Amino acid sequence: MDEREAVARLKRGDIGGLEVLARTYQLRATRAADLIVRDRSLAEDVVAETLLHIYERIAQFDAGRPFGPWFLRCVVNAAREAATQRERHVPLSGEQGDLEQVLASQALGPEILAERAELRTAVWAALGRLSPAERAAVVQRYYLGLSEQEMAAEAGCSPGTIKWRLHQARERLRHWLRPLWGTAPAAGFAGPQEIEIRREVRL
Amino acid sequence: MNAQQFARTLDELEAERVPASLDLWPRLRARITAQPRGARPGRSLAVTRLGWAALAVVGLLLLSTTAYATMPTIGRLLRLFEPQTMGQGESLGQQLNLSQTIGDVTVAMEWAYADAEHIRIGYTVRSHDGRRFDPLNISLADATGALLPFTMGYGVVGESERLGVALPPGESSYVQVFANEARGAAIGEDLRLRLEMEAEELVLPTPAPAATGDPAAGPAGPGSERLQPLPVGERLGPFTFEFSIPVVSSQ
């Protein structure tokens, strides 16, 4: 059953259509949500609630539009709201300490950068320092592979706003992660000259 | 690092954190079939989460109980987040075993540690009905009533493969670290402390409803950004604990 048929079945009240859509997108959606909320359990809640919300309102969905981008956008928005609420109550200062601990580690010389685990730990901790809105933008751009134009269209704002938001997030990440790479500029986070990377998104 | 390396790192991170075997469908189907379509609107999120708890607790109870019994979550947190200073886990500090229940929530002070520089408090928050409550407004005071500066905190809720724990719904464990600026407590002496905190229910926001006149737009259609007030859950407290722990040499 393809996606269009799944949506059509769901519109007829057949939850088999929802099962197809859930199994198609649940993994990518949960991983994207987890990058934003930084809590796997909450990420699963976000994705499940979004799927249930869609189940209730599928009659309003235009079957002529692709389901995947719309669903993932809903998940990102819900995750951003959940992260905002969570971080309002529980400051993630522990993750800040985690980043400092990683960067201060004497074992982290350039030769150790091949150790992907340390790199992942540092990037994860640095992401935790971004605001939920910044994390959501970074996830849309670098995890889900949306272009700045697509992000702007979906957010209903100008491409310049998205470009600036991403630029700020990149600058902050580059600043925090600089100890890992010395003072050399980070080519991929260099601003307007950045090479356009369109990652494959199987939707 | 370029954009490709960064994207690859994000992929690797999430491949570690969320396994490819993830399957949300069984609990989604259970929720949908348990309640007729059309009856869902108007139902409170708290009841929704309770339903989740009832479904999930059966599968997780044995696993989490086993994990908890063999190595307490607080010890796992200490080893993961502070391996250099707290690598010996909770064996360094003192078991407290204090608890207080308000409403449907029990806060258990399980463990504490103090050296000349820091004070660490390990505690667990449990709701009786599976709702998730997060700690809020935590303060630690010494015997004179002076508040000690909060340094950092970390914790776990739900499942964590890195920690090797699977907590039941409504349960979360935390370690809070404070700077030890308490007066009159030398190494080897007891430090009298008073901890106060509140617990607030985490109510998961739901996507905004579709805009009238633009049904194709879905929960947040192109060209519009509907901002909804964040839902506020039940707040309980203050939970208050008074205890003494010895000050030990720094690790």
# chains A, B, ... in the order shown; residues from 1 in each chain; ligands from 1

$ residues_around --residues "Gln149 (chain A)" --least-positions-apart "5" --cutoff "12 Å" --atoms "only C-alpha atoms" --output "ChimeraX atom specification"
/A:140-141,154-163,196

$ closest_residue --among "A:Arg65, A:Arg80, A:Arg174, A:Arg57" --to "Asn2 (chain B)" --atoms "only C-alpha atoms"
A:Arg174

$ select_by_dssp --residues "region 140-169 of chain B" --states "strand (DSSP E)" --output "list in words"
Leu140, Ala141, Phe150, Thr151, Met152, Gly153, Tyr154, Gly155, Val156, Val157, Glu159, Ser160, Val165 and Ala166 of chain B

$ write_last_selection --atoms "N, CA and C atoms" --output "CSV table (one decimal), in the first residue's frame"
chain,number,residue,atom,x,y,z
B,140,LEU,N,18.4,24.4,48.4
B,140,LEU,CA,19.0,23.6,49.5
B,140,LEU,C,19.6,24.7,50.4
B,141,ALA,N,19.4,24.5,51.7
B,141,ALA,CA,19.9,25.5,52.7
B,141,ALA,C,20.6,24.8,53.7
B,150,PHE,N,23.1,26.5,43.3
B,150,PHE,CA,22.8,25.4,42.5
B,150,PHE,C,23.9,25.3,41.4
B,151,THR,N,24.6,24.2,41.2
B,151,THR,CA,25.6,24.1,40.2
B,151,THR,C,25.2,23.4,38.9
B,152,MET,N,24.6,22.3,39.0
B,152,MET,CA,24.1,21.6,37.8
B,152,MET,C,23.2,20.4,38.3
B,153,GLY,N,22.5,19.9,37.3
B,153,GLY,CA,21.6,18.8,37.6
B,153,GLY,C,21.5,17.9,36.4
B,154,TYR,N,21.1,16.6,36.6
B,154,TYR,CA,20.9,15.7,35.5
B,154,TYR,C,19.9,14.6,36.0
B,155,GLY,N,19.3,14.0,35.0
B,155,GLY,CA,18.3,13.0,35.5
B,155,GLY,C,17.9,12.1,34.3
B,156,VAL,N,16.9,11.2,34.6
B,156,VAL,CA,16.4,10.3,33.6
B,156,VAL,C,15.0,10.1,33.8
B,157,VAL,N,14.2,10.0,32.6
B,157,VAL,CA,12.8,9.6,32.7
B,157,VAL,C,12.6,8.7,31.5
B,159,GLU,N,12.9,5.4,29.3
B,159,GLU,CA,14.0,4.4,29.0
B,159,GLU,C,15.3,5.1,28.6
B,160,SER,N,16.4,4.5,29.0
B,160,SER,CA,17.7,5.0,28.5
B,160,SER,C,18.6,3.8,28.3
B,165,VAL,N,18.5,1.6,32.0
B,165,VAL,CA,17.3,1.6,32.9
B,165,VAL,C,16.0,1.8,32.0
B,166,ALA,N,14.9,1.3,32.6
B,166,ALA,CA,13.6,1.6,32.0
B,166,ALA,C,12.7,1.9,33.1

$ atom_distance --atom1 "CA of Arg9 (chain A)" --atom2 "CA of Leu204 (chain B)"
28.4 Å

$ residues_around --residues "Tyr142 (chain A)" --least-positions-apart "6" --cutoff "8 Å" --atoms "only C-alpha atoms" --output "list of chain:residue names"
A:Arg199, B:Ala3, B:Phe6, B:Ala7, B:Leu10

$ closest_residue --among "A:Trp164, A:Phe67, A:Phe61, A:Trp176" --to "chain B" --atoms "only C-alpha atoms"
A:Phe61

$ decode --residues "region 123-185 of chain A" --atoms "C-alpha atoms" --output "PDB file, in the first residue's frame"
ATOM      1  CA  VAL A 123      27.696  17.744  19.556  1.00  0.00           C
ATOM      2  CA  TRP A 124      24.879  16.442  21.731  1.00  0.00           C
ATOM      3  CA  ALA A 125      25.958  18.631  24.620  1.00  0.00           C
ATOM      4  CA  ALA A 126      26.353  21.670  22.369  1.00  0.00           C
ATOM      5  CA  LEU A 127      22.864  21.142  20.939  1.00  0.00           C
ATOM      6  CA  GLY A 128      21.577  21.193  24.486  1.00  0.00           C
ATOM      7  CA  ARG A 129      22.780  24.748  24.842  1.00  0.00           C
ATOM      8  CA  LEU A 130      20.657  25.975  21.953  1.00  0.00           C
ATOM      9  CA  SER A 131      17.124  27.158  22.546  1.00  0.00           C
ATOM     10  CA  PRO A 132      14.333  24.786  21.499  1.00  0.00           C
ATOM     11  CA  ALA A 133      13.540  27.028  18.528  1.00  0.00           C
ATOM     12  CA  GLU A 134      17.160  26.980  17.403  1.00  0.00           C
ATOM     13  CA  ARG A 135      17.362  23.224  17.850  1.00  0.00           C
ATOM     14  CA  ALA A 136      14.183  22.823  15.815  1.00  0.00           C
ATOM     15  CA  ALA A 137      15.701  24.901  13.005  1.00  0.00           C
ATOM     16  CA  VAL A 138      18.946  22.925  13.093  1.00  0.00           C
ATOM     17  CA  VAL A 139      17.031  19.642  13.019  1.00  0.00           C
ATOM     18  CA  GLN A 140      14.903  20.717  10.078  1.00  0.00           C
ATOM     19  CA  ARG A 141      17.953  21.866   8.137  1.00  0.00           C
ATOM     20  CA  TYR A 142      20.570  19.264   8.981  1.00  0.00           C
ATOM     21  CA  TYR A 143      18.610  16.198  10.083  1.00  0.00           C
ATOM     22  CA  LEU A 144      15.474  16.370   7.954  1.00  0.00           C
ATOM     23  CA  GLY A 145      17.308  18.005   5.073  1.00  0.00           C
ATOM     24  CA  LEU A 146      14.915  20.894   4.417  1.00  0.00           C
ATOM     25  CA  SER A 147      16.215  23.864   2.453  1.00  0.00           C
ATOM     26  CA  GLU A 148      16.008  27.341   3.932  1.00  0.00           C
ATOM     27  CA  GLN A 149      13.334  28.155   1.373  1.00  0.00           C
ATOM     28  CA  GLU A 150      11.241  25.169   2.439  1.00  0.00           C
ATOM     29  CA  MET A 151      11.657  26.056   6.096  1.00  0.00           C
ATOM     30  CA  ALA A 152      10.610  29.648   5.419  1.00  0.00           C
ATOM     31  CA  ALA A 153       7.554  28.565   3.440  1.00  0.00           C
ATOM     32  CA  GLU A 154       6.429  26.247   6.187  1.00  0.00           C
ATOM     33  CA  ALA A 155       7.055  28.733   8.975  1.00  0.00           C
ATOM     34  CA  GLY A 156       5.345  31.523   7.078  1.00  0.00           C
ATOM     35  CA  CYS A 157       8.284  33.874   7.346  1.00  0.00           C
ATOM     36  CA  SER A 158      10.907  35.240   5.002  1.00  0.00           C
ATOM     37  CA  PRO A 159      13.911  33.150   3.959  1.00  0.00           C
ATOM     38  CA  GLY A 160      16.072  35.840   5.533  1.00  0.00           C
ATOM     39  CA  THR A 161      14.553  35.138   8.937  1.00  0.00           C
ATOM     40  CA  ILE A 162      15.330  31.445   8.626  1.00  0.00           C
ATOM     41  CA  LYS A 163      18.795  32.188   7.301  1.00  0.00           C
ATOM     42  CA  TRP A 164      19.501  34.454  10.263  1.00  0.00           C
ATOM     43  CA  ARG A 165      18.137  31.953  12.782  1.00  0.00           C
ATOM     44  CA  LEU A 166      20.297  29.209  11.327  1.00  0.00           C
ATOM     45  CA  HIS A 167      23.292  31.506  11.140  1.00  0.00           C
ATOM     46  CA  GLN A 168      22.969  32.310  14.826  1.00  0.00           C
ATOM     47  CA  ALA A 169      22.630  28.650  15.754  1.00  0.00           C
ATOM     48  CA  ARG A 170      25.633  27.700  13.606  1.00  0.00           C
ATOM     49  CA  GLU A 171      27.761  30.467  15.075  1.00  0.00           C
ATOM     50  CA  ARG A 172      26.962  29.359  18.576  1.00  0.00           C
ATOM     51  CA  LEU A 173      27.658  25.708  17.793  1.00  0.00           C
ATOM     52  CA  ARG A 174      30.895  26.617  16.081  1.00  0.00           C
ATOM     53  CA  HIS A 175      31.951  28.699  19.068  1.00  0.00           C
ATOM     54  CA  TRP A 176      31.223  25.946  21.566  1.00  0.00           C
ATOM     55  CA  LEU A 177      32.777  23.201  19.490  1.00  0.00           C
ATOM     56  CA  ARG A 178      35.823  25.181  18.381  1.00  0.00           C
ATOM     57  CA  PRO A 179      38.135  23.527  20.956  1.00  0.00           C
ATOM     58  CA  LEU A 180      37.669  20.299  19.074  1.00  0.00           C
ATOM     59  CA  TRP A 181      38.919  21.720  15.815  1.00  0.00           C
ATOM     60  CA  GLY A 182      41.339  24.464  16.827  1.00  0.00           C
ATOM     61  CA  THR A 183      40.774  27.911  15.324  1.00  0.00           C
ATOM     62  CA  ALA A 184      40.337  26.875  11.718  1.00  0.00           C
ATOM     63  CA  PRO A 185      37.019  28.008  10.290  1.00  0.00           C
TER      64      PRO A 185
END
